[in-house]
file run01.cif (mmCIF, C-alpha atoms)
data_run
loop_
_atom_site.group_PDB
_atom_site.id
_atom_site.type_symbol
_atom_site.label_atom_id
_atom_site.label_comp_id
_atom_site.auth_asym_id
_atom_site.auth_seq_id
_atom_site.Cartn_x
_atom_site.Cartn_y
_atom_site.Cartn_z
ATOM 1 C CA MET A 833 0.000 0.000 0.000
ATOM 2 C CA PRO A 834 1.620 3.296 -1.079
ATOM 3 C CA LEU A 835 2.301 6.090 1.388
ATOM 4 C CA ILE A 836 -0.266 8.439 -0.188
ATOM 5 C CA THR A 837 -2.997 5.790 0.307
ATOM 6 C CA ARG A 838 -2.007 5.310 3.947
ATOM 7 C CA ILE A 839 -2.125 9.077 4.466
ATOM 8 C CA PHE A 840 -5.558 9.311 2.790
ATOM 9 C CA LEU A 841 -6.941 6.424 4.874
ATOM 10 C CA LYS A 842 -5.614 7.634 8.212
ATOM 11 C CA THR A 843 -6.753 11.206 7.602
ATOM 12 C CA GLY A 844 -10.126 9.780 6.557
ATOM 13 C CA LEU A 845 -10.342 7.795 9.803
ATOM 14 C CA LEU A 846 -9.723 10.972 11.818
ATOM 15 C CA TYR A 847 -12.470 12.813 9.901
ATOM 16 C CA PHE A 848 -14.779 9.812 10.426
ATOM 17 C CA ILE A 849 -14.323 9.968 14.203
ATOM 18 C CA GLY A 850 -14.601 13.782 14.107
ATOM 19 C CA ALA A 851 -17.832 13.602 12.083
ATOM 20 C CA LEU A 852 -19.444 11.246 14.579
ATOM 21 C CA PHE A 853 -18.374 13.508 17.467
ATOM 22 C CA VAL A 854 -20.070 16.386 15.644
ATOM 23 C CA GLY A 855 -23.085 14.085 15.127
ATOM 24 C CA VAL A 856 -23.322 13.544 18.888
ATOM 25 C CA ALA A 857 -22.728 17.265 19.546
ATOM 26 C CA LEU A 858 -25.618 18.102 17.205
ATOM 27 C CA GLN A 859 -28.019 16.203 19.434
ATOM 28 C CA VAL A 860 -27.061 17.974 22.646
ATOM 29 C CA ASP A 861 -25.914 21.284 21.175
ATOM 30 C CA PHE A 862 -23.177 21.553 23.820
ATOM 31 C CA LEU A 863 -20.643 23.074 21.449
ATOM 32 C CA GLY A 864 -22.854 26.065 20.692
ATOM 33 C CA ILE A 865 -21.377 26.259 17.198
ATOM 34 C CA PRO A 866 -23.793 27.316 14.451
ATOM 35 C CA ASN A 867 -24.057 25.648 11.044
ATOM 36 C CA LEU A 868 -22.925 22.246 12.345
ATOM 37 C CA ILE A 869 -25.206 20.168 10.111
ATOM 38 C CA PRO A 870 -23.345 20.886 6.844
ATOM 39 C CA LEU A 871 -20.056 20.339 8.695
ATOM 40 C CA PHE A 872 -21.257 16.938 9.907
ATOM 41 C CA TRP A 873 -22.274 15.796 6.422
ATOM 42 C CA HIS A 874 -19.160 17.144 4.711
ATOM 43 C CA MET A 875 -16.770 15.633 7.265
ATOM 44 C CA LEU A 876 -18.530 12.348 6.618
ATOM 45 C CA MET A 877 -18.931 12.447 2.839
ATOM 46 C CA LEU A 878 -15.754 14.312 1.842
ATOM 47 C CA GLY A 879 -13.536 13.768 4.886
ATOM 48 C CA TRP A 880 -14.202 10.037 5.103
ATOM 49 C CA ILE A 881 -15.985 8.537 2.082
ATOM 50 C CA THR A 882 -14.354 10.611 -0.675
ATOM 51 C CA GLN A 883 -10.953 10.362 0.957
ATOM 52 C CA ILE A 884 -11.006 6.549 1.189
ATOM 53 C CA ILE A 885 -12.327 6.274 -2.373
ATOM 54 C CA PHE A 886 -9.419 8.458 -3.531
ATOM 55 C CA GLY A 887 -6.871 6.560 -1.427
ATOM 56 C CA VAL A 888 -7.974 3.062 -2.390
ATOM 57 C CA SER A 889 -8.385 3.858 -6.106
ATOM 58 C CA LEU A 890 -4.899 5.416 -6.256
ATOM 59 C CA TRP A 891 -3.600 2.154 -4.793
ATOM 60 C CA MET A 892 -5.701 -0.371 -6.728
ATOM 61 C CA PHE A 893 -6.080 1.084 -10.223
ATOM 62 C CA PRO A 894 -3.569 -0.183 -12.783
ATOM 63 C CA GLY A 895 -0.556 1.812 -13.959
ATOM 64 C CA ARG A 896 0.676 2.996 -10.570
ATOM 65 C CA ILE A 897 4.358 3.960 -10.418
ATOM 66 C CA LYS A 898 5.536 2.031 -7.375
ATOM 67 C CA GLU A 899 8.646 4.098 -6.721
ATOM 68 C CA GLU A 900 7.704 6.490 -3.919
ATOM 69 C CA SER A 901 8.472 10.158 -4.578
ATOM 70 C CA PHE A 902 6.562 13.419 -4.705
ATOM 71 C CA GLN A 903 7.384 13.728 -8.410
ATOM 72 C CA ASN A 904 5.953 10.288 -9.235
ATOM 73 C CA GLN A 905 2.744 10.896 -7.293
ATOM 74 C CA LYS A 906 2.481 14.660 -7.665
ATOM 75 C CA TRP A 907 -1.182 14.753 -8.745
ATOM 76 C CA SER A 908 -2.143 12.480 -5.846
ATOM 77 C CA TRP A 909 -0.256 14.620 -3.335
ATOM 78 C CA LEU A 910 -1.779 17.796 -4.771
ATOM 79 C CA THR A 911 -5.212 16.173 -4.453
ATOM 80 C CA TYR A 912 -4.527 15.377 -0.802
ATOM 81 C CA ILE A 913 -3.144 18.816 0.070
ATOM 82 C CA LEU A 914 -5.860 20.783 -1.749
ATOM 83 C CA LEU A 915 -8.768 18.636 -0.562
ATOM 84 C CA ASN A 916 -7.707 18.765 3.073
ATOM 85 C CA SER A 917 -6.786 22.444 3.134
ATOM 86 C CA GLY A 918 -10.170 23.157 1.505
ATOM 87 C CA LEU A 919 -11.965 21.009 4.062
ATOM 88 C CA ILE A 920 -10.191 22.545 7.050
ATOM 89 C CA LEU A 921 -10.869 26.026 5.711
ATOM 90 C CA ARG A 922 -14.508 25.096 5.388
ATOM 91 C CA LEU A 923 -14.686 23.722 8.934
ATOM 92 C CA ILE A 924 -13.407 27.067 10.202
ATOM 93 C CA SER A 925 -15.241 29.483 7.929
ATOM 94 C CA GLU A 926 -18.683 27.847 7.664
ATOM 95 C CA PRO A 927 -19.698 28.470 11.318
ATOM 96 C CA MET A 928 -18.099 31.914 11.182
ATOM 97 C CA ILE A 929 -20.246 33.252 8.317
ATOM 98 C CA ILE A 930 -23.220 32.935 10.686
ATOM 99 C CA GLN A 931 -21.443 34.346 13.743
ATOM 100 C CA SER A 932 -19.571 37.226 12.132
ATOM 101 C CA VAL A 933 -20.427 39.867 9.549
ATOM 102 C CA ASN A 934 -16.789 40.076 8.503
ATOM 103 C CA TYR A 935 -16.545 39.616 4.726
ATOM 104 C CA LEU A 936 -13.302 37.649 5.170
ATOM 105 C CA TRP A 937 -15.203 34.491 6.179
ATOM 106 C CA LYS A 938 -17.198 34.562 2.954
ATOM 107 C CA VAL A 939 -13.961 34.911 1.005
ATOM 108 C CA LEU A 940 -12.411 31.989 2.921
ATOM 109 C CA LEU A 941 -15.461 29.823 2.273
ATOM 110 C CA THR A 942 -15.195 30.616 -1.439
ATOM 111 C CA VAL A 943 -11.479 29.774 -1.382
ATOM 112 C CA SER A 944 -12.324 26.496 0.356
ATOM 113 C CA ALA A 945 -14.828 25.622 -2.400
ATOM 114 C CA ILE A 946 -12.239 26.399 -5.094
ATOM 115 C CA LEU A 947 -9.540 24.335 -3.327
ATOM 116 C CA GLN A 948 -11.858 21.323 -3.120
ATOM 117 C CA PHE A 949 -12.831 21.699 -6.777
ATOM 118 C CA VAL A 950 -9.188 21.916 -7.908
ATOM 119 C CA ALA A 951 -8.428 18.844 -5.748
ATOM 120 C CA VAL A 952 -11.038 16.884 -7.703
ATOM 121 C CA ILE A 953 -9.496 18.086 -10.993
ATOM 122 C CA CYS A 954 -6.046 16.883 -9.818
ATOM 123 C CA TYR A 955 -7.532 13.512 -8.892
ATOM 124 C CA VAL A 956 -9.148 13.188 -12.324
ATOM 125 C CA ILE A 957 -5.813 14.048 -14.017
ATOM 126 C CA GLU A 958 -4.125 11.249 -12.036
ATOM 127 C CA ILE A 959 -6.795 8.581 -12.368
ATOM 128 C CA TRP A 960 -8.143 9.208 -15.917
ATOM 129 C CA PRO A 961 -5.258 7.548 -17.797
ATOM 130 C CA ARG A 962 -5.329 4.657 -15.319
ATOM 131 C CA VAL A 963 -8.902 3.606 -16.105
ATOM 132 C CA LEU A 964 -7.929 0.878 -18.559
ATOM 133 C CA SER A 965 -9.166 -2.519 -19.701
ATOM 134 C CA ILE A 966 -6.724 -5.470 -19.617
ATOM 135 C CA LYS A 967 -6.421 -5.164 -23.405
ATOM 136 C CA GLN A 968 -5.510 -1.480 -23.157
ATOM 137 C CA ARG A 969 -3.010 -2.234 -20.345
ATOM 138 C CA ARG A 970 -1.256 -4.875 -22.461
ATOM 139 C CA LYS A 971 -1.128 -2.491 -25.421
ATOM 140 C CA LYS A 972 0.339 0.266 -23.223
ATOM 141 C CA LYS A 973 2.904 -2.141 -21.737
ATOM 142 C CA ARG A 974 3.991 -3.247 -25.207
ATOM 143 C CA ALA A 975 4.322 0.369 -26.323
ATOM 144 C CA ASN A 976 6.456 1.211 -23.264
ATOM 145 C CA SER A 977 8.784 -1.773 -23.624
ATOM 146 C CA MET B 1493 -38.535 5.883 -5.061
ATOM 147 C CA ILE B 1494 -41.769 6.764 -3.249
ATOM 148 C CA LEU B 1495 -40.208 10.023 -2.059
ATOM 149 C CA LEU B 1496 -39.125 10.960 -5.566
ATOM 150 C CA ILE B 1497 -42.538 10.150 -7.064
ATOM 151 C CA ASN B 1498 -44.106 12.214 -4.309
ATOM 152 C CA LYS B 1499 -41.751 15.065 -5.126
ATOM 153 C CA ALA B 1500 -42.936 14.933 -8.735
ATOM 154 C CA LEU B 1501 -46.645 14.362 -8.163
ATOM 155 C CA ASN B 1502 -47.055 15.546 -4.574
ATOM 156 C CA PHE B 1503 -49.798 13.014 -3.812
ATOM 157 C CA GLU B 1504 -49.172 12.681 -0.067
ATOM 158 C CA PRO B 1505 -47.236 15.325 1.931
ATOM 159 C CA VAL B 1506 -47.044 13.017 4.989
ATOM 160 C CA ILE B 1507 -44.577 10.839 3.072
ATOM 161 C CA TRP B 1508 -41.900 13.512 3.712
ATOM 162 C CA ILE B 1509 -41.539 12.202 7.271
ATOM 163 C CA PHE B 1510 -39.605 9.344 5.671
ATOM 164 C CA LEU B 1511 -36.926 11.673 4.288
ATOM 165 C CA PRO B 1512 -34.620 11.412 7.358
ATOM 166 C CA VAL B 1513 -35.174 7.626 7.345
ATOM 167 C CA HIS B 1514 -34.135 7.532 3.693
ATOM 168 C CA ILE B 1515 -30.991 9.596 4.435
ATOM 169 C CA GLU B 1516 -30.014 7.460 7.456
ATOM 170 C CA PHE B 1517 -30.468 4.210 5.522
ATOM 171 C CA MET B 1518 -28.599 5.449 2.445
ATOM 172 C CA ILE B 1519 -25.666 7.129 4.195
ATOM 173 C CA PHE B 1520 -25.108 5.038 7.336
ATOM 174 C CA GLY B 1521 -26.931 1.829 6.435
ATOM 175 C CA TRP B 1522 -25.549 1.542 2.920
ATOM 176 C CA ILE B 1523 -22.531 3.710 1.948
ATOM 177 C CA ILE B 1524 -20.748 3.834 5.289
ATOM 178 C CA GLN B 1525 -21.461 0.197 6.189
ATOM 179 C CA PHE B 1526 -20.269 -0.827 2.716
ATOM 180 C CA THR B 1527 -16.956 1.030 3.126
ATOM 181 C CA LEU B 1528 -16.427 -0.487 6.584
ATOM 182 C CA GLY B 1529 -17.115 -4.000 5.292
ATOM 183 C CA VAL B 1530 -14.849 -3.665 2.264
ATOM 184 C CA ALA B 1531 -12.072 -2.094 4.359
ATOM 185 C CA HIS B 1532 -12.323 -4.951 6.875
ATOM 186 C CA TRP B 1533 -11.992 -7.429 4.021
ATOM 187 C CA MET B 1534 -9.337 -5.709 1.902
ATOM 188 C CA LEU B 1535 -6.877 -3.955 4.186
ATOM 189 C CA PRO B 1536 -3.578 -5.810 4.689
ATOM 190 C CA ARG B 1537 -3.976 -8.544 7.266
ATOM 191 C CA PHE B 1538 -1.839 -9.050 10.368
ATOM 192 C CA LEU B 1539 1.059 -11.463 9.916
ATOM 193 C CA VAL B 1540 0.669 -12.922 13.399
ATOM 194 C CA GLY B 1541 -2.459 -13.709 15.431
ATOM 195 C CA GLU B 1542 -5.935 -13.259 14.026
ATOM 196 C CA PRO B 1543 -5.484 -11.952 10.468
ATOM 197 C CA ARG B 1544 -8.160 -9.254 10.759
ATOM 198 C CA GLY B 1545 -7.830 -8.529 14.462
ATOM 199 C CA GLN B 1546 -10.256 -9.588 17.172
ATOM 200 C CA THR B 1547 -13.330 -11.143 15.563
ATOM 201 C CA PHE B 1548 -15.481 -10.400 18.609
ATOM 202 C CA LEU B 1549 -14.726 -6.664 18.350
ATOM 203 C CA ALA B 1550 -15.531 -6.703 14.627
ATOM 204 C CA TYR B 1551 -18.950 -8.237 15.320
ATOM 205 C CA LEU B 1552 -19.493 -5.800 18.182
ATOM 206 C CA MET B 1553 -18.684 -2.936 15.796
ATOM 207 C CA VAL B 1554 -21.356 -4.126 13.332
ATOM 208 C CA PHE B 1555 -23.861 -4.623 16.134
ATOM 209 C CA VAL B 1556 -23.491 -1.212 17.800
ATOM 210 C CA LEU B 1557 -23.415 0.629 14.470
ATOM 211 C CA ASN B 1558 -26.645 -1.023 13.332
ATOM 212 C CA LEU B 1559 -28.299 -0.598 16.703
ATOM 213 C CA GLY B 1560 -27.457 3.106 16.438
ATOM 214 C CA ILE B 1561 -28.940 3.299 12.940
ATOM 215 C CA TRP B 1562 -32.211 1.640 13.974
ATOM 216 C CA LEU B 1563 -32.566 3.718 17.143
ATOM 217 C CA PHE B 1564 -32.011 6.895 15.120
ATOM 218 C CA ILE B 1565 -34.712 5.836 12.649
ATOM 219 C CA LEU B 1566 -37.064 5.035 15.513
ATOM 220 C CA ALA B 1567 -36.399 8.469 17.006
ATOM 221 C CA GLU B 1568 -37.071 10.164 13.653
ATOM 222 C CA LEU B 1569 -40.328 8.279 13.058
ATOM 223 C CA ARG B 1570 -41.713 8.625 16.583
ATOM 224 C CA ASP B 1571 -40.401 12.192 16.962
ATOM 225 C CA VAL B 1572 -39.294 11.390 20.497
ATOM 226 C CA SER B 1573 -36.928 13.520 22.558
ATOM 227 C CA ASN B 1574 -33.366 14.203 21.571
ATOM 228 C CA THR B 1575 -32.169 11.691 24.184
ATOM 229 C CA LEU B 1576 -32.841 8.743 21.876
ATOM 230 C CA ARG B 1577 -31.124 10.531 18.986
ATOM 231 C CA LEU B 1578 -28.158 11.215 21.264
ATOM 232 C CA ILE B 1579 -27.962 7.551 22.315
ATOM 233 C CA ALA B 1580 -28.249 6.484 18.661
ATOM 234 C CA ARG B 1581 -25.481 8.795 17.454
ATOM 235 C CA SER B 1582 -23.328 7.799 20.464
ATOM 236 C CA LEU B 1583 -23.699 4.118 19.527
ATOM 237 C CA GLU B 1584 -22.669 4.948 15.963
ATOM 238 C CA LEU B 1585 -19.676 6.827 17.379
ATOM 239 C CA VAL B 1586 -18.716 3.756 19.439
ATOM 240 C CA GLY B 1587 -18.959 1.663 16.253
ATOM 241 C CA VAL B 1588 -16.654 4.088 14.446
ATOM 242 C CA LEU B 1589 -14.169 4.140 17.334
ATOM 243 C CA LEU B 1590 -14.140 0.331 17.295
ATOM 244 C CA PHE B 1591 -13.567 0.401 13.536
ATOM 245 C CA ALA B 1592 -10.689 2.875 13.876
ATOM 246 C CA SER B 1593 -9.049 0.884 16.681
ATOM 247 C CA LEU B 1594 -9.385 -2.380 14.734
ATOM 248 C CA HIS B 1595 -8.044 -0.997 11.465
ATOM 249 C CA TRP B 1596 -5.549 1.757 12.315
ATOM 250 C CA LYS B 1597 -2.635 -0.714 12.443
ATOM 251 C CA ARG B 1598 -3.805 -2.454 9.262
ATOM 252 C CA VAL B 1599 -3.155 0.685 7.208
ATOM 253 C CA VAL B 1600 0.408 -0.449 6.464
ATOM 254 C CA THR B 1601 2.600 -1.678 3.679
ATOM 255 C CA TYR B 1602 4.523 -4.950 3.778
ATOM 256 C CA ASN B 1603 6.151 -4.124 0.445
ATOM 257 C CA ARG B 1604 9.638 -2.743 0.907
ATOM 258 C CA ARG B 1605 10.593 -2.685 -2.796
ATOM 259 C CA LYS B 1606 11.715 0.717 -3.970
ATOM 260 C CA THR B 1607 12.162 0.706 -7.711
ATOM 261 C CA THR B 1608 9.618 -1.303 -9.628
ATOM 262 C CA LYS B 1609 7.295 0.052 -12.232
ATOM 263 C CA ALA B 1610 3.709 -1.197 -12.566
#
call {"tool": "encode", "arguments": {"input": "run01.cif", "output": "structure tokens"}}
result
Amino acid sequence: MPLITRIFLKTGLLYFIGALFVGVALQVDFLGIPNLIPLFWHMLMLGWITQIIFGVSLWMFPGRIKEESFQNQKWSWLTYILLNSGLILRLISEPMIIQSVNYLWKVLLTVSAILQFVAVICYVIEIWPRVLSIKQRRKKKRANS
Amino acid sequence: MILLINKALNFEPVIWIFLPVHIEFMIFGWIIQFTLGVAHWMLPRFLVGEPRGQTFLAYLMVFVLNLGIWLFILAELRDVSNTLRLIARSLELVGVLLFASLHWKRVVTYNRRKTTKA
């Protein structure tokens, strides 16, 4: 299992636990943080589900370069960095747009949306050429050798 | 399906009480449970001892997660106090903590090769 997959899975596990904590907090409202419902669903669906789908597909899909380096897995690493910085920014700014009239929070939320979108683009760039049939894989192997 | 038809034709507004049930079943009952099951099956197994960790804890994880799901659905349908919802979400949290503790050490690589190309 490559390092990037391990990082995706372990980060996903932390979001998974965090999401369920938020789920419990939603029922008792002890945190007093507004806008928790979208945070709960996004920690679950992006922080956990999307992140493990990304991690496992980067590991399992054919055509992976097994030599570990940032250069060899640059699109995967960019996906990880952008997705998680976007998510963290969202976790901070989403409650704040309710609590504060400061325009900065709206800007940060927009930046978070853009970061997450660009992360998905990076993932598509990495995974698109790796969606191959066995026939296509053999053809590619022959062409490379 | 019934919810979607009702959205299109609006034949019975009461059906909307099933929306949270639908969400709970689809997200926790299906997608999340599916990922947990596949992860339990596919992640690298331990080289010594039980290959997938303690079987009893794995079954306990499934049990508490599903108990949480059903209690949450019951709370949504009966519109009872938040206490039942809190218990339900807490049980799901316990399930997730069990999952994390069972699988954290299985997120590893046993492959130490450095320079092979797929």
call {"tool": "resolve_selection", "arguments": {"input": "run01.cif", "expression": "the PyMOL selection byres ((chain B) within 12 of (chain A))", "output": "JSON, numbers by chain"}}
result
{"B": [1515, 1516, 1518, 1519, 1520, 1522, 1523, 1524, 1525, 1526, 1527, 1528, 1530, 1531, 1534, 1535, 1536, 1537, 1557, 1560, 1564, 1567, 1573, 1574, 1575, 1576, 1577, 1578, 1579, 1580, 1581, 1582, 1583, 1584, 1585, 1586, 1587, 1588, 1589, 1590, 1591, 1592, 1593, 1594, 1595, 1596, 1597, 1598, 1599, 1600, 1601, 1602, 1603, 1604, 1605, 1606, 1607, 1608, 1609, 1610]}
call {"tool": "residues_around", "arguments": {"input": "run01.cif", "residues": "Ile929 (chain A)", "least_positions_apart": "5", "cutoff": "8 Å", "atoms": "all atoms listed in the file", "output": "list in words"}}
result
Asn934, Trp937 and Lys938 of chain A
call {"tool": "closest_residue", "arguments": {"input": "run01.cif", "among": "B:Trp1562, B:Asp1571, B:Ile1494, B:Gly1545", "to": "Phe1517 (chain B)", "atoms": "all atoms listed in the file"}}
result
B:Trp1562
call {"tool": "closest_residue", "arguments": {"input": "run01.cif", "among": "A:Ile836, A:Ile865, A:Ala945, A:Gly879", "to": "Ser901 (chain A)", "atoms": "only C-alpha atoms"}}
result
A:Ile836
call {"tool": "atom_distance", "arguments": {"input": "run01.cif", "atom1": "CA of Ile957 (chain A)", "atom2": "CA of Ser917 (chain A)"}}
result
19.1 Å
call {"tool": "atom_distance", "arguments": {"input": "run01.cif", "atom1": "CA of Ile924 (chain A)", "atom2": "CA of Leu878 (chain A)"}}
result
15.4 Å
call {"tool": "atom_distance", "arguments": {"input": "run01.cif", "atom1": "CA of Phe886 (chain A)", "atom2": "CA of Tyr955 (chain A)"}}
result
7.6 Å
call {"tool": "decode", "arguments": {"input": "run01.cif", "residues": "region 914-934 of chain A", "atoms": "N, CA and C atoms", "output": "mmCIF file, in the first residue's frame"}}
result
data_model
loop_
_atom_site.group_PDB
_atom_site.id
_atom_site.type_symbol
_atom_site.label_atom_id
_atom_site.label_comp_id
_atom_site.auth_asym_id
_atom_site.auth_seq_id
_atom_site.Cartn_x
_atom_site.Cartn_y
_atom_site.Cartn_z
ATOM 1 N N LEU A 914 -4.787 19.837 -1.418
ATOM 2 C CA LEU A 914 -5.860 20.783 -1.749
ATOM 3 C C LEU A 914 -7.189 20.386 -1.093
ATOM 4 N N LEU A 915 -7.499 19.089 -1.141
ATOM 5 C CA LEU A 915 -8.768 18.636 -0.562
ATOM 6 C C LEU A 915 -8.807 18.925 0.940
ATOM 7 N N ASN A 916 -7.701 18.599 1.621
ATOM 8 C CA ASN A 916 -7.707 18.765 3.073
ATOM 9 C C ASN A 916 -7.595 20.211 3.506
ATOM 10 N N SER A 917 -6.824 21.022 2.759
ATOM 11 C CA SER A 917 -6.786 22.444 3.134
ATOM 12 C C SER A 917 -8.161 23.074 2.876
ATOM 13 N N GLY A 918 -8.822 22.657 1.790
ATOM 14 C CA GLY A 918 -10.170 23.157 1.505
ATOM 15 C C GLY A 918 -11.157 22.759 2.585
ATOM 16 N N LEU A 919 -11.043 21.498 3.027
ATOM 17 C CA LEU A 919 -11.965 21.009 4.062
ATOM 18 C C LEU A 919 -11.750 21.733 5.389
ATOM 19 N N ILE A 920 -10.491 21.879 5.771
ATOM 20 C CA ILE A 920 -10.191 22.545 7.050
ATOM 21 C C ILE A 920 -10.666 23.995 7.012
ATOM 22 N N LEU A 921 -10.419 24.639 5.869
ATOM 23 C CA LEU A 921 -10.869 26.026 5.711
ATOM 24 C C LEU A 921 -12.393 26.114 5.837
ATOM 25 N N ARG A 922 -13.058 25.117 5.296
ATOM 26 C CA ARG A 922 -14.508 25.096 5.388
ATOM 27 C C ARG A 922 -14.976 24.897 6.831
ATOM 28 N N LEU A 923 -14.311 23.987 7.547
ATOM 29 C CA LEU A 923 -14.686 23.722 8.934
ATOM 30 C C LEU A 923 -14.564 24.984 9.787
ATOM 31 N N ILE A 924 -13.600 25.832 9.429
ATOM 32 C CA ILE A 924 -13.407 27.067 10.202
ATOM 33 C C ILE A 924 -14.389 28.149 9.740
ATOM 34 N N SER A 925 -14.507 28.313 8.431
ATOM 35 C CA SER A 925 -15.241 29.483 7.929
ATOM 36 C C SER A 925 -16.762 29.303 7.915
ATOM 37 N N GLU A 926 -17.229 28.050 7.761
ATOM 38 C CA GLU A 926 -18.683 27.847 7.664
ATOM 39 C C GLU A 926 -19.439 28.308 8.922
ATOM 40 N N PRO A 927 -18.983 27.937 10.138
ATOM 41 C CA PRO A 927 -19.698 28.470 11.318
ATOM 42 C C PRO A 927 -19.537 29.984 11.448
ATOM 43 N N MET A 928 -18.394 30.499 10.983
ATOM 44 C CA MET A 928 -18.099 31.914 11.182
ATOM 45 C C MET A 928 -18.961 32.835 10.315
ATOM 46 N N ILE A 929 -19.422 32.362 9.148
ATOM 47 C CA ILE A 929 -20.246 33.252 8.317
ATOM 48 C C ILE A 929 -21.601 33.554 8.974
ATOM 49 N N ILE A 930 -21.988 32.678 9.935
ATOM 50 C CA ILE A 930 -23.220 32.935 10.686
ATOM 51 C C ILE A 930 -22.918 33.871 11.859
ATOM 52 N N GLN A 931 -21.774 33.610 12.519
ATOM 53 C CA GLN A 931 -21.443 34.346 13.743
ATOM 54 C C GLN A 931 -20.910 35.751 13.496
ATOM 55 N N SER A 932 -20.259 35.950 12.353
ATOM 56 C CA SER A 932 -19.571 37.226 12.132
ATOM 57 C C SER A 932 -20.014 37.848 10.809
ATOM 58 N N VAL A 933 -20.045 39.185 10.801
ATOM 59 C CA VAL A 933 -20.427 39.867 9.549
ATOM 60 C C VAL A 933 -19.192 40.166 8.695
ATOM 61 N N ASN A 934 -18.031 39.821 9.236
ATOM 62 C CA ASN A 934 -16.789 40.076 8.503
ATOM 63 C C ASN A 934 -16.810 39.374 7.139
#
